[in-house]
file model_31.cif (mmCIF, C-alpha atoms)
data_data
#
loop_
_atom_site.label_atom_id
_atom_site.label_comp_id
_atom_site.auth_asym_id
_atom_site.auth_seq_id
_atom_site.Cartn_x
_atom_site.Cartn_y
_atom_site.Cartn_z
CA MET B 1259 -20.86 -68.30 44.60
CA ALA B 1260 -17.43 -69.05 43.22
CA HIS B 1261 -18.92 -71.47 40.72
CA LYS B 1262 -21.59 -69.13 39.41
CA ILE B 1263 -19.57 -68.19 36.35
CA LEU B 1264 -18.55 -71.75 35.68
CA ASP B 1265 -22.19 -72.83 35.71
CA LYS B 1266 -23.05 -69.98 33.42
CA ILE B 1267 -20.52 -70.99 30.81
CA GLN B 1268 -21.55 -74.64 31.10
CA LEU B 1269 -18.29 -76.05 32.30
CA PRO B 1270 -18.11 -79.61 31.11
CA SER B 1271 -17.74 -81.80 34.16
CA ASP B 1272 -14.62 -83.42 32.78
CA ARG B 1273 -12.64 -80.68 31.08
CA PHE B 1274 -11.90 -76.96 31.33
CA GLU B 1275 -9.44 -75.39 28.91
CA MET B 1276 -7.63 -72.10 29.55
CA ARG B 1277 -5.14 -70.14 27.47
CA LEU B 1278 -3.00 -67.34 28.87
CA SER B 1279 -1.70 -65.27 25.99
CA GLY B 1280 0.31 -62.14 25.48
CA SER B 1281 3.72 -61.12 24.24
CA GLY B 1282 6.94 -62.96 24.96
CA GLY B 1283 8.00 -60.94 27.97
CA GLN B 1284 4.73 -60.97 29.90
CA GLY B 1285 5.32 -64.16 31.85
CA MET B 1286 2.47 -66.26 30.47
CA ILE B 1287 4.38 -69.52 30.98
CA PHE B 1288 5.25 -68.62 34.55
CA ALA B 1289 1.61 -67.74 35.21
CA SER B 1290 0.35 -70.96 33.64
CA VAL B 1291 2.77 -73.15 35.56
CA VAL B 1292 1.80 -71.46 38.83
CA LEU B 1293 -1.92 -71.68 38.08
CA SER B 1294 -1.68 -75.35 37.11
CA LYS B 1295 0.29 -76.26 40.19
CA ALA B 1296 -2.04 -74.30 42.48
CA ILE B 1297 -5.08 -76.08 41.05
CA GLY B 1298 -3.51 -79.53 40.76
CA MET B 1299 -1.96 -79.67 44.20
CA ASN B 1300 -5.06 -78.56 46.01
CA SER B 1301 -7.88 -80.52 44.47
CA ASN B 1302 -8.66 -83.89 42.97
CA LYS B 1303 -8.47 -82.38 39.53
CA SER B 1304 -5.84 -83.28 36.99
CA VAL B 1305 -4.07 -80.43 35.25
CA VAL B 1306 -1.78 -80.40 32.22
CA GLN B 1307 0.13 -77.27 31.33
CA SER B 1308 1.79 -76.92 27.93
CA GLN B 1309 3.35 -74.60 25.38
CA SER B 1310 4.47 -75.01 21.81
CA TYR B 1311 7.45 -73.79 19.85
CA GLY B 1312 8.32 -74.07 16.21
CA PRO B 1313 7.18 -72.83 12.83
CA GLU B 1314 3.46 -72.69 13.60
CA ALA B 1315 4.06 -71.02 16.98
CA ARG B 1316 6.22 -68.17 15.71
CA GLY B 1317 5.17 -64.56 15.73
CA GLY B 1318 4.65 -61.90 18.33
CA ALA B 1319 1.90 -63.60 20.33
CA SER B 1320 2.88 -66.19 22.90
CA LYS B 1321 0.55 -68.60 24.66
CA ALA B 1322 0.54 -71.12 27.42
CA ASP B 1323 -2.31 -73.59 27.89
CA VAL B 1324 -3.85 -75.15 30.97
CA VAL B 1325 -6.29 -78.06 30.77
CA VAL B 1326 -8.15 -79.04 33.93
CA SER B 1327 -10.22 -82.18 34.31
CA ASP B 1328 -11.90 -84.27 36.98
CA ASN B 1329 -10.30 -87.28 35.34
CA GLU B 1330 -6.86 -88.16 34.07
CA ILE B 1331 -6.13 -86.11 30.96
CA TYR B 1332 -5.30 -88.30 28.00
CA TYR B 1333 -5.45 -85.56 25.42
CA PRO B 1334 -3.66 -82.54 26.86
CA LYS B 1335 -3.89 -80.12 23.97
CA ALA B 1336 -6.34 -77.24 24.33
CA MET B 1337 -8.86 -77.36 21.52
CA LYS B 1338 -11.87 -75.17 22.33
CA LEU B 1339 -11.07 -72.70 25.07
CA ASP B 1340 -13.35 -72.20 28.07
CA LEU B 1341 -11.25 -69.24 29.13
CA LEU B 1342 -8.94 -66.93 27.21
CA LEU B 1343 -6.73 -64.33 28.87
CA ALA B 1344 -5.37 -61.88 26.29
CA MET B 1345 -2.73 -59.45 27.52
CA THR B 1346 -2.13 -57.88 24.09
CA GLN B 1347 -4.21 -57.02 21.04
CA GLU B 1348 -2.18 -59.37 18.89
CA ALA B 1349 -2.80 -62.27 21.27
CA LEU B 1350 -6.53 -61.54 21.34
CA ASP B 1351 -6.76 -61.35 17.57
CA LYS B 1352 -4.81 -64.58 17.17
CA TYR B 1353 -6.54 -66.73 19.79
CA TYR B 1354 -10.06 -65.36 20.04
CA PRO B 1355 -11.24 -67.76 17.30
CA ASP B 1356 -10.27 -70.64 19.63
CA LEU B 1357 -12.62 -69.45 22.38
CA LYS B 1358 -15.86 -71.40 22.81
CA GLU B 1359 -19.14 -69.62 22.34
CA ASN B 1360 -19.90 -68.18 25.79
CA GLY B 1361 -16.35 -68.92 26.89
CA MET B 1362 -14.86 -66.48 29.39
CA LEU B 1363 -12.81 -63.72 27.79
CA ILE B 1364 -10.52 -61.63 29.97
CA VAL B 1365 -8.46 -58.82 28.43
CA ASP B 1366 -5.84 -56.41 29.70
CA SER B 1367 -7.55 -53.18 28.74
CA SER B 1368 -4.28 -51.30 29.25
CA LEU B 1369 -3.12 -52.82 25.97
CA VAL B 1370 -6.18 -54.30 24.27
CA HIS B 1371 -8.54 -51.76 22.81
CA ASN B 1372 -10.43 -53.59 20.11
CA VAL B 1373 -12.51 -56.39 21.61
CA PRO B 1374 -15.17 -58.42 19.78
CA ASP B 1375 -18.72 -57.51 20.71
CA VAL B 1376 -19.22 -60.24 23.29
CA GLU B 1377 -19.57 -60.25 27.06
CA HIS B 1378 -16.09 -60.10 28.56
CA TYR B 1379 -14.01 -58.92 31.47
CA ALA B 1380 -11.63 -56.00 31.04
CA PHE B 1381 -9.02 -55.12 33.64
CA GLU B 1382 -6.09 -52.76 33.37
CA PHE B 1383 -3.60 -55.39 34.53
CA THR B 1384 -0.53 -53.61 33.21
CA HIS B 1385 -1.53 -50.19 34.53
CA MET B 1386 -2.42 -51.70 37.90
CA ALA B 1387 0.94 -53.43 38.04
CA ARG B 1388 2.82 -50.24 37.34
CA ASN B 1389 0.72 -47.79 39.33
CA GLN B 1390 -0.64 -49.80 42.25
CA ILE B 1391 2.07 -52.43 42.82
CA GLY B 1392 5.06 -50.54 41.46
CA HIS B 1393 6.38 -53.26 39.17
CA ILE B 1394 5.11 -53.88 35.67
CA MET B 1395 6.30 -57.49 35.75
CA VAL B 1396 3.50 -58.56 38.13
CA ALA B 1397 0.71 -57.85 35.63
CA ASN B 1398 0.59 -61.60 35.03
CA VAL B 1399 0.16 -62.30 38.75
CA ILE B 1400 -2.66 -59.74 39.01
CA ALA B 1401 -4.30 -61.60 36.14
CA LEU B 1402 -3.91 -64.89 38.03
CA GLY B 1403 -5.70 -63.36 41.01
CA ALA B 1404 -8.54 -62.36 38.69
CA ILE B 1405 -8.74 -65.82 37.14
CA ALA B 1406 -8.92 -67.39 40.61
CA ALA B 1407 -11.79 -65.11 41.61
CA LEU B 1408 -13.71 -65.53 38.35
CA THR B 1409 -13.41 -69.29 38.00
CA GLY B 1410 -13.27 -70.48 41.58
CA LEU B 1411 -10.77 -73.14 40.46
CA VAL B 1412 -8.33 -72.21 43.22
CA THR B 1413 -8.56 -70.14 46.39
CA LYS B 1414 -6.71 -66.88 46.79
CA GLU B 1415 -4.69 -68.39 49.63
CA LYS B 1416 -3.51 -71.44 47.69
CA LEU B 1417 -2.71 -69.36 44.65
CA THR B 1418 -0.67 -66.94 46.77
CA GLU B 1419 1.23 -69.83 48.33
CA ILE B 1420 2.33 -71.21 44.96
CA VAL B 1421 3.10 -67.76 43.51
CA LEU B 1422 5.40 -67.09 46.46
CA GLN B 1423 7.11 -70.48 46.07
CA HIS B 1424 8.10 -69.52 42.53
CA ALA B 1425 8.67 -65.78 42.80
CA PRO B 1426 12.22 -64.46 42.88
CA ARG B 1427 13.47 -63.66 46.35
CA GLY B 1428 12.75 -60.11 47.39
CA THR B 1429 9.53 -59.86 45.35
CA GLU B 1430 7.27 -61.61 47.85
CA GLU B 1431 5.34 -58.59 49.02
CA LYS B 1432 4.71 -57.27 45.51
CA ASN B 1433 3.50 -60.69 44.39
CA ARG B 1434 1.26 -61.13 47.41
CA ASN B 1435 -0.27 -57.70 46.77
CA ALA B 1436 -0.66 -58.51 43.08
CA VAL B 1437 -2.74 -61.62 43.75
CA GLU B 1438 -4.86 -59.70 46.26
CA LEU B 1439 -5.45 -56.82 43.86
CA GLY B 1440 -6.45 -59.02 40.94
CA TYR B 1441 -8.69 -61.14 43.11
CA ASN B 1442 -10.49 -58.16 44.61
CA GLU B 1443 -10.93 -56.29 41.33
CA ALA B 1444 -12.36 -59.39 39.72
CA LEU B 1445 -14.79 -60.01 42.59
CA LYS B 1446 -16.10 -56.49 42.11
CA ALA B 1447 -16.52 -57.03 38.37
CA LYS B 1448 -17.98 -60.49 38.64
CA LYS B 1449 -21.31 -60.84 36.85
CA MET K 399 28.67 -86.57 14.18
CA ALA K 400 26.03 -84.84 16.23
CA HIS K 401 23.43 -87.24 14.95
CA LYS K 402 25.35 -90.42 15.65
CA ILE K 403 23.51 -91.11 18.88
CA LEU K 404 20.15 -90.28 17.37
CA ASP K 405 20.78 -92.72 14.55
CA LYS K 406 21.83 -95.33 17.04
CA ILE K 407 18.60 -95.10 19.01
CA GLN K 408 16.57 -95.06 15.80
CA LEU K 409 14.98 -91.68 16.17
CA PRO K 410 11.65 -91.83 14.42
CA SER K 411 11.69 -89.23 11.71
CA ASP K 412 8.55 -87.61 13.07
CA ARG K 413 8.83 -87.72 16.84
CA PHE K 414 11.41 -87.58 19.66
CA GLU K 415 10.20 -87.66 23.26
CA MET K 416 12.26 -86.44 26.20
CA ARG K 417 11.52 -86.35 29.91
CA LEU K 418 13.54 -84.28 32.39
CA SER K 419 12.89 -85.62 35.87
CA GLY K 420 14.09 -84.98 39.38
CA SER K 421 12.80 -83.51 42.60
CA GLY K 422 10.65 -80.41 42.89
CA GLY K 423 13.46 -77.95 43.46
CA GLN K 424 15.79 -79.00 40.66
CA GLY K 425 14.37 -76.77 37.96
CA MET K 426 13.16 -79.42 35.54
CA ILE K 427 10.36 -77.20 34.19
CA PHE K 428 12.74 -74.30 33.66
CA ALA K 429 15.15 -76.62 31.85
CA SER K 430 12.39 -78.09 29.68
CA VAL K 431 11.00 -74.71 28.71
CA VAL K 432 14.46 -73.47 27.77
CA LEU K 433 15.30 -76.63 25.83
CA SER K 434 11.99 -76.52 23.95
CA LYS K 435 12.37 -72.90 23.05
CA ALA K 436 15.98 -73.35 21.96
CA ILE K 437 15.04 -76.23 19.67
CA GLY K 438 11.77 -74.75 18.40
CA MET K 439 13.06 -71.30 17.59
CA ASN K 440 16.09 -72.50 15.71
CA SER K 441 14.86 -75.27 13.47
CA ASN K 442 11.87 -76.32 11.45
CA LYS K 443 10.90 -78.74 14.18
CA SER K 444 7.77 -78.40 16.26
CA VAL K 445 8.16 -78.74 20.00
CA VAL K 446 5.57 -79.14 22.74
CA GLN K 447 6.60 -78.83 26.37
CA SER K 448 4.24 -79.98 29.13
CA GLN K 449 3.86 -80.92 32.79
CA SER K 450 1.08 -82.47 34.80
CA TYR K 451 -0.31 -81.82 38.25
CA GLY K 452 -2.96 -83.60 40.25
CA PRO K 453 -3.58 -86.90 41.99
CA GLU K 454 -1.60 -89.11 39.59
CA ALA K 455 1.31 -86.66 39.49
CA ARG K 456 1.84 -86.37 43.26
CA GLY K 457 4.88 -87.67 45.05
CA GLY K 458 8.50 -86.71 45.34
CA ALA K 459 9.45 -87.08 41.69
CA SER K 460 8.70 -84.23 39.31
CA LYS K 461 8.86 -84.38 35.54
CA ALA K 462 8.62 -82.11 32.55
CA ASP K 463 8.19 -83.48 29.05
CA VAL K 464 9.43 -82.28 25.67
CA VAL K 465 8.13 -83.73 22.41
CA VAL K 466 9.96 -82.79 19.20
CA SER K 467 8.69 -83.56 15.73
CA ASP K 468 9.36 -82.66 12.13
CA ASN K 469 5.63 -82.15 11.77
CA GLU K 470 2.96 -80.37 13.76
CA ILE K 471 2.36 -82.26 16.99
CA TYR K 472 -1.24 -83.30 17.38
CA TYR K 473 -0.69 -85.60 20.34
CA PRO K 474 1.65 -83.77 22.72
CA LYS K 475 1.83 -86.27 25.57
CA ALA K 476 5.06 -88.24 25.92
CA MET K 477 4.31 -91.95 25.72
CA LYS K 478 7.51 -93.89 25.05
CA LEU K 479 10.55 -91.86 25.89
CA ASP K 480 13.50 -91.56 23.53
CA LEU K 481 15.47 -89.78 26.25
CA LEU K 482 15.15 -89.77 30.03
CA LEU K 483 17.15 -87.46 32.28
CA ALA K 484 16.91 -88.60 35.90
CA MET K 485 18.37 -86.22 38.48
CA THR K 486 17.30 -88.35 41.47
CA GLN K 487 16.95 -92.05 42.26
CA GLU K 488 13.24 -91.66 42.86
CA ALA K 489 12.74 -90.05 39.45
CA LEU K 490 14.75 -92.82 37.76
CA ASP K 491 12.78 -95.56 39.51
CA LYS K 492 9.49 -93.91 38.63
CA TYR K 493 10.12 -93.06 34.98
CA TYR K 494 12.58 -95.66 33.75
CA PRO K 495 9.72 -97.96 32.73
CA ASP K 496 8.60 -95.26 30.28
CA LEU K 497 11.93 -95.30 28.43
CA LYS K 498 12.02 -97.04 25.07
CA GLU K 499 14.27 -100.01 24.60
CA ASN K 500 17.60 -98.48 23.53
CA GLY K 501 16.35 -95.05 24.57
CA MET K 502 18.98 -92.67 25.90
CA LEU K 503 19.27 -92.69 29.68
CA ILE K 504 21.17 -89.86 31.40
CA VAL K 505 21.52 -89.87 35.18
CA ASP K 506 22.99 -87.48 37.72
CA SER K 507 25.43 -89.87 39.36
CA SER K 508 25.83 -87.45 42.27
CA LEU K 509 22.42 -88.60 43.46
CA VAL K 510 21.53 -91.73 41.47
CA HIS K 511 23.42 -94.82 42.50
CA ASN K 512 21.25 -97.71 41.43
CA VAL K 513 20.90 -97.77 37.64
CA PRO K 514 19.39 -100.62 35.60
CA ASP K 515 21.94 -102.69 33.74
CA VAL K 516 21.63 -100.88 30.42
CA GLU K 517 23.93 -98.62 28.45
CA HIS K 518 23.56 -95.12 29.86
CA TYR K 519 25.32 -91.82 30.51
CA ALA K 520 26.27 -90.84 34.04
CA PHE K 521 27.42 -87.33 34.92
CA GLU K 522 27.84 -85.77 38.33
CA PHE K 523 25.68 -82.77 37.46
CA THR K 524 25.03 -81.72 41.04
CA HIS K 525 28.64 -82.11 42.16
CA MET K 526 29.84 -80.24 39.08
CA ALA K 527 27.39 -77.42 39.78
CA ARG K 528 28.58 -77.06 43.34
CA ASN K 529 32.28 -77.61 42.85
CA GLN K 530 33.02 -76.30 39.37
CA ILE K 531 30.44 -73.55 38.91
CA GLY K 532 29.87 -72.59 42.52
CA HIS K 533 26.09 -72.76 42.50
CA ILE K 534 24.11 -75.97 42.97
CA MET K 535 21.08 -74.47 41.20
CA VAL K 536 22.74 -74.72 37.77
CA ALA K 537 22.89 -78.52 37.80
CA ASN K 538 19.88 -78.43 35.47
CA VAL K 539 21.68 -76.13 33.03
CA ILE K 540 24.75 -78.39 33.01
CA ALA K 541 22.36 -81.22 32.13
CA LEU K 542 20.95 -79.16 29.27
CA GLY K 543 24.44 -78.69 27.89
CA ALA K 544 24.92 -82.46 28.01
CA ILE K 545 21.59 -83.10 26.28
CA ALA K 546 22.52 -80.66 23.52
CA ALA K 547 25.84 -82.43 22.93
CA LEU K 548 24.39 -85.94 23.06
CA THR K 549 21.35 -85.37 20.86
CA GLY K 550 22.50 -82.66 18.48
CA LEU K 551 18.99 -81.21 18.65
CA VAL K 552 20.33 -77.73 19.39
CA THR K 553 23.72 -76.08 19.18
CA LYS K 554 25.61 -74.98 22.28
CA GLU K 555 25.39 -71.37 21.09
CA LYS K 556 21.63 -71.34 20.62
CA LEU K 557 21.06 -73.14 23.90
CA THR K 558 23.25 -70.62 25.72
CA GLU K 559 21.35 -67.74 24.14
CA ILE K 560 17.98 -69.00 25.40
CA VAL K 561 19.35 -69.96 28.84
CA LEU K 562 20.65 -66.41 29.24
CA GLN K 563 17.32 -64.92 28.14
CA HIS K 564 15.60 -66.72 31.00
CA ALA K 565 18.25 -66.73 33.71
CA PRO K 566 17.90 -64.31 36.63
CA ARG K 567 19.99 -61.19 36.28
CA GLY K 568 23.43 -61.56 37.77
CA THR K 569 23.68 -65.30 37.04
CA GLU K 570 24.69 -64.97 33.38
CA GLU K 571 28.28 -66.06 33.77
CA LYS K 572 27.46 -69.08 35.91
CA ASN K 573 24.81 -70.17 33.43
CA ARG K 574 27.09 -69.69 30.44
CA ASN K 575 29.77 -71.76 32.16
CA ALA K 576 27.22 -74.39 33.11
CA VAL K 577 26.15 -74.96 29.49
CA GLU K 578 29.78 -75.10 28.41
CA LEU K 579 30.72 -77.60 31.12
CA GLY K 580 27.82 -79.95 30.44
CA TYR K 581 28.39 -79.77 26.71
CA ASN K 582 32.11 -80.53 26.96
CA GLU K 583 31.73 -83.34 29.49
CA ALA K 584 29.10 -84.99 27.31
CA LEU K 585 31.23 -84.71 24.18
CA LYS K 586 34.00 -86.54 26.02
CA ALA K 587 31.63 -89.29 27.15
CA LYS K 588 29.84 -89.62 23.84
CA LYS K 589 29.77 -93.16 22.52
#
call {"tool": "encode", "arguments": {"input": "model_31.cif", "output": "structure tokens"}}
result
Amino acid sequence: MAHKILDKIQLPSDRFEMRLSGSGGQGMIFASVVLSKAIGMNSNKSVVQSQSYGPEARGGASKADVVVSDNEIYYPKAMKLDLLLAMTQEALDKYYPDLKENGMLIVDSSLVHNVPDVEHYAFEFTHMARNQIGHIMVANVIALGAIAALTGLVTKEKLTEIVLQHAPRGTEEKNRNAVELGYNEALKAKK
Amino acid sequence: MAHKILDKIQLPSDRFEMRLSGSGGQGMIFASVVLSKAIGMNSNKSVVQSQSYGPEARGGASKADVVVSDNEIYYPKAMKLDLLLAMTQEALDKYYPDLKENGMLIVDSSLVHNVPDVEHYAFEFTHMARNQIGHIMVANVIALGAIAALTGLVTKEKLTEIVLQHAPRGTEEKNRNAVELGYNEALKAKK
């Protein structure tokens, strides 16, 4: 069940590339570190998480990459994305060309309104964070819950555990609810 | 002046590899992200920051890598380190073999007592954090200040700016003092 989508997008057995993208303040690095750790510490998969800075990385869109493989990863740079999360229109426009044909596209439809005419998932991560959790800063964690449900790369429980390890003190309940919300919404939407 | 050490260790014009290593709770990823951003946003250099998870990355020592280059970085994995920061003995023992001959070795002498017989820098980052700043969690930021002074890759001011952008609210003064302390101690020790 959890691997249905992965089969559909023809996950190569040895490599799965994800990019979490948005604007600078949306916590894409935090989300990528947490996701990588949750996958890498609970499976036999290798995971490399990376981000770039410098002239070619400047501009409003920020990204953080996660490469997952059954084998040791010798080349850690994401090249053709199996999954793209775009939390802003600018991030979508910038990184959509890097998505594989039939790769999984997930957008925050609170902020992204112009999506290419391909099959994709749309969730109102930012609205959900503000209205259902009460803190806009957990939109990234809601998105992580959705990614867990859609890819099956990590269980909800393991993801929650690592989110809580890294969340600031006092935000535990909001973060736990954020994972739960994203996971459940994505299960409902899952094709 | 700032480049004296770099010249000494024969920095290749196109690539400088750093590894910040310690135990899981010492904030090596945070430090690496901040360092990468501070360098990458304030120069024409490209920077890639990465960490690995999975079977080959398990164990007590954690690491986060930073690769800096004058050109776009096509191969972002650190291979032969130009600089190794080791905040624990286990991290030093594990990663010292990856340091280049004449690479810059920086250890936290609060926790590392058995150092190979090579020229290196020793600072009591953890003791300084506890005794001079009043918060053990800024040992990593003191180390960043030292790295800035020893490599000249980023100014104290720019480093402070990025540290403060990412530091939890309420910790600004401690973090500012931590950069200052590490920077000044390293200037004194600089060979």
call {"tool": "atom_distance", "arguments": {"input": "model_31.cif", "atom1": "atom CA of Asn1433 of chain B", "atom2": "atom CA of Pro566 of chain K"}}
result
16.8 Å
call {"tool": "interface_residues", "arguments": {"input": "model_31.cif", "of": "chain B", "to": "chain K", "cutoff": "8 Å", "atoms": "only C-alpha atoms", "output": "PyMOL selection string"}}
result
chain B and resi 1294-1295+1297-1314+1316+1330+1332-1335
call {"tool": "atom_distance", "arguments": {"input": "model_31.cif", "atom1": "atom CA of Met416 of chain K", "atom2": "atom CA of Leu1422 of chain B"}}
result
28.8 Å
call {"tool": "atom_distance", "arguments": {"input": "model_31.cif", "atom1": "atom CA of Gly580 of chain K", "atom2": "atom CA of Ser508 of chain K"}}
result
14.1 Å
call {"tool": "residues_around", "arguments": {"input": "model_31.cif", "residues": "Ser1367 of chain B", "least_positions_apart": "4", "cutoff": "6 Å", "atoms": "all atoms listed in the file", "output": "PyMOL selection string"}}
result
chain B and resi 1380-1382
call {"tool": "closest_residue", "arguments": {"input": "model_31.cif", "among": "B:Gly1318, B:Pro1355, B:Gly1410, B:Gly1361", "to": "Lys1448 of chain B", "atoms": "all atoms listed in the file"}}
result
B:Gly1410
call {"tool": "closest_residue", "arguments": {"input": "model_31.cif", "among": "B:Ala1397, B:Ala1349, B:Val1376, B:Leu1439", "to": "Lys1414 of chain B", "atoms": "only C-alpha atoms"}}
result
B:Leu1439
call {"tool": "closest_residue", "arguments": {"input": "model_31.cif", "among": "B:Lys1321, B:Arg1434, B:His1424, B:Met1395", "to": "Gly425 of chain K", "atoms": "only C-alpha atoms"}}
result
B:His1424
